[in-house]
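Chemist: So that we are looking at the same thing, I have put the structure below in structure tokens.
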2 protein chains.
Amino acid sequence: MTDTTPPATAPTAAPTRRQQLRLDTTAEIKRVALALLAEGGPDAISLRAIAREMRMTAGALYSYYATRDDLITALTSDMYTALVDRAEAARDAHPTEAPAARLRAWGEAFRAWAVDHPAGFRLVYGDPVRGYRVPEGGAAPEAASRACAGLTGLVAAAWPPPGADADEYAWDDFDPGLANLVQEKFPGLPPAAVALALRVWGRMHGLVALEVYGHLRSQTRDPARLYRAELRDLARSLGLGD
Amino acid sequence: MTDTTPPATAPTAAPTRRQQLRLDTTAEIKRVALALLAEGGPDAISLRAIAREMRMTAGALYSYYATRDDLITALTSDMYTALVDRAEAARDAHPTEAPAARLRAWGEAFRAWAVDHPAGFRLVYGDPVRGYRVPEGGAAPEAASRACAGLTGLVAAAWPPPGADADEYAWDDFDPGLANLVQEKFPGLPPAAVALALRVWGRMHGLVALEVYGHLRSQTRDPARLYRAELRDLARSLGLGD
DNA sequence: GTAAAGATTGAACGCCGCGTAGTTTCAACA
DNA sequence: TGTTGAAACTACGCGGCGTTCAATCTTTAC
């Protein structure tokens, strides 16, 4: 019964059973960490708590993540990517001919995700975990670029907006990566569109951040309604019909 | 030389030298805590760190604040009050006849304060310190009400806005305290104005929050310019001339 | 079947936090 | 001058954290 042993000619290509288990455990660590995050906020993510939840010891986790910050970084990337995925999907549920609907869908998805995952929102947009230092590169900046590009696309569909921006912007007013991405995907679009996209981002972010951090709930009982009105106003200000 | 000793008829009214020293120390504790906050963020506020800085021991601080949370509460109130003070002062530097200038001054002051005191901004609007539970009443909610009322006043000066809100709002859609305050200060103003004020708040908050948490600095090199444009747009959307 | 490689343990280290005693210092007051 | 009482100090207790390391168990490979 040993004649069918797979040839060891491709030591790295074969997904060994061991590697599979390793992947599963890695995924479970992240899943547990996210659950802890959702329950107790960013500070609840501790290696010991994760290990406790998984009936392991804290030291064992070091086989999977070299350090706690690496784990946090992975979590942040996952959350950010999930958020952008959801926003893009919501946007793409509407045809290109309905730019207003696409814009509003993006905004509503942004808020819905934040309300569904308040701790994730804090992880991505708020104070990171105590003692955590944000690394330079990685997947999180990539997700941010995706978000900016997506918003710029929504702005591009409405370009030029009615209130013509008298301000002049240059491409090097922005992050080179983002500028290149936009110039490539939307040729002919002026840099002022990126500025407008960032403002749109801020406008979508404001009410959601206030709500997630509990500052709206003590003032009004229906933040969703406020946000809907804000999005309607936003689309209108971009010259997109209702 | 003892005949001029102040009469001890008012034992509680006389600010004893001892009480004075106590007040001074209390103030110094807050000052040191704010310095730590500015340097190391909200999590840097610990009784031990404060005591270290003041060449004291942590236990001694318990003579001044019953618990750490009380100190945090006091700090938050101070910061929030300072923010609203600054916004109100900036607004009042312009005459009532220039509502657009008043609105923009409020917004610019809001951002300027946040950029000057990023840690304070996080303390007020972001994640509070680890393990800290926001108390029910106190000065912080009062400052929030002041902020809302101030914004409502700015909205009232532009009422009704051009894009007539078709939405109907009722007074009990909002916090009773805020509703009463607004009805008292601006009689005749419909509740929809409060909704608009909250949206204005969110709009001012969005870009500032992104900037303070570092999400804007990696995208553009001049957040102030974006914010200025946003405020201009905001005033325009309220029907206030430039 | 056995030996290598990997995964996991358990204990330990060092650090930090909040909060509570009991004791000592020292300035204000009579 | 002696008394008093607040403020500060020392010393704990308790808990949690990230991280390391030798030893042990388990799976894989030959």
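By convention in this document, the chains of the structure tokens carry letters A, B, ... by their order, each chain's residues are numbered from 1, and ligands are numbered from 1 in the order they are shown.
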I need the contact residues of chain B against chain C, so if you could list those with any atom within 9 Å, counting only C-alpha atoms (C1' of nucleotides), and return them as a PyMOL selection string, that would help.
Modeler: chain B and resi 17-18+46-48+59+67-68
Chemist: Which residues come within 10 Å of Leu61 (chain B), counting only C-alpha atoms (C1' of nucleotides), excluding same-chain residues fewer than 4 positions away, as an MDAnalysis selection string?
Modeler: (chainID B and resid 25:26 29 47:48 50:51 56:57 65:68 71) or (chainID D and resid 7:8)
Chemist: Compile a residue-level contact table for chain B against chain A at a cut-off of 7 Å, reporting for every qualifying residue the shortest atom pair and its distance in Å to one decimal, with only C-alpha atoms counted, rows ordered by chain and ascending number, as a tab-separated table.
Modeler:
```
residue	atom	partner	partner_atom	distance
B:Asp43	CA	A:Arg130	CA	6.9
B:Tyr125	CA	A:Tyr213	CA	7.0
B:Gly126	CA	A:Tyr213	CA	6.4
B:Asp127	CA	A:Asp127	CA	6.4
B:Asp173	CA	A:Thr220	CA	5.8
B:Phe174	CA	A:Thr220	CA	4.2
B:Asp175	CA	A:Gln219	CA	4.8
B:Ala195	CA	A:Leu226	CA	6.7
B:Arg199	CA	A:Leu226	CA	6.7
B:Gly202	CA	A:Gly206	CA	4.4
B:Arg203	CA	A:Arg203	CA	5.3
B:His205	CA	A:Gly206	CA	5.0
B:Gly206	CA	A:Gly206	CA	3.3
B:Leu207	CA	A:Gly202	CA	4.4
B:Leu210	CA	A:Gly202	CA	6.9
B:Tyr213	CA	A:Gly126	CA	6.5
B:Ser218	CA	A:Asp175	CA	6.4
B:Gln219	CA	A:Asp175	CA	4.8
B:Thr220	CA	A:Phe174	CA	4.2
B:Arg221	CA	A:Asp173	CA	5.9
B:Leu226	CA	A:Arg199	CA	6.7
B:Glu230	CA	A:Arg199	CA	6.7
```
Chemist: For chain D, which residues have at least one atom within 10 Å of chain A, if we go by only C-alpha atoms (C1' of nucleotides)? Write them as a list in words, please.
Modeler: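 So the contacting residues turn out to be DG16, DC17, DG18, DT19, DT20, DT27 and DT28 of chain D.
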Chemist: Suppose we keep C-alpha atoms (C1' of nucleotides); can you now write the selection as an mmCIF file, in the first residue's frame?
Modeler:
```
data_model
loop_
_atom_site.group_PDB
_atom_site.id
_atom_site.type_symbol
_atom_site.label_atom_id
_atom_site.label_comp_id
_atom_site.auth_asym_id
_atom_site.auth_seq_id
_atom_site.Cartn_x
_atom_site.Cartn_y
_atom_site.Cartn_z
ATOM 1 C "C1'" DG D 16 -2.537 40.724 32.402
ATOM 2 C "C1'" DC D 17 0.595 41.109 28.661
ATOM 3 C "C1'" DG D 18 4.327 39.499 24.931
ATOM 4 C "C1'" DT D 19 7.924 36.612 24.430
ATOM 5 C "C1'" DT D 20 11.451 32.852 24.997
ATOM 6 C "C1'" DT D 27 3.119 13.497 12.426
ATOM 7 C "C1'" DT D 28 5.755 12.686 8.357
#
```
Chemist: Residues of region 59-136 of chain A classed as helix (DSSP H, G or I) by DSSP on the backbone are to be reported as JSON, numbers by chain.
Modeler: {"A": [59, 60, 61, 62, 63, 68, 69, 70, 71, 72, 73, 74, 75, 76, 77, 78, 79, 80, 81, 82, 83, 84, 85, 86, 87, 88, 89, 90, 91, 92, 99, 100, 101, 102, 103, 104, 105, 106, 107, 108, 109, 110, 111, 112, 113, 114, 115, 116, 118, 119, 120, 121, 122, 123, 124, 125]}
Chemist: If I take CA of Ala101 (chain A) and CA of Arg228 (chain A), how far is one from the other in Å, to one decimal?
Modeler: 12.0 Å
Chemist: Applying 9 Å and only C-alpha atoms (C1' of nucleotides), which residues near Thr96 (chain B) remain after dropping the ones on its own chain fewer than 4 positions away? List them as an MDAnalysis selection string.
Modeler: chainID B and resid 92 102 157
Chemist: Dump N, CA, C and O atoms for the selected residues as a short mmCIF file (atom, residue, chain, number, x, y, z; two decimals), in the first residue's frame?
Modeler:
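Final output, saved to part-v4.cif:
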```
data_model
loop_
_atom_site.label_atom_id
_atom_site.label_comp_id
_atom_site.auth_asym_id
_atom_site.auth_seq_id
_atom_site.Cartn_x
_atom_site.Cartn_y
_atom_site.Cartn_z
N ASP B 92 -17.62 83.58 16.66
CA ASP B 92 -18.06 84.90 17.11
C ASP B 92 -17.11 86.01 16.67
O ASP B 92 -17.40 87.19 16.91
N ARG B 102 -19.05 82.70 9.49
CA ARG B 102 -19.18 82.09 10.82
C ARG B 102 -19.11 80.57 10.73
O ARG B 102 -18.43 79.91 11.52
N ALA B 157 -29.16 80.09 10.88
CA ALA B 157 -28.90 81.33 10.15
C ALA B 157 -29.10 81.15 8.66
O ALA B 157 -29.23 82.14 7.93
#
```
Chemist: CA of Arg91 (chain A) and CA of Leu103 (chain A), how far apart in Å?
Modeler: 6.8 Å
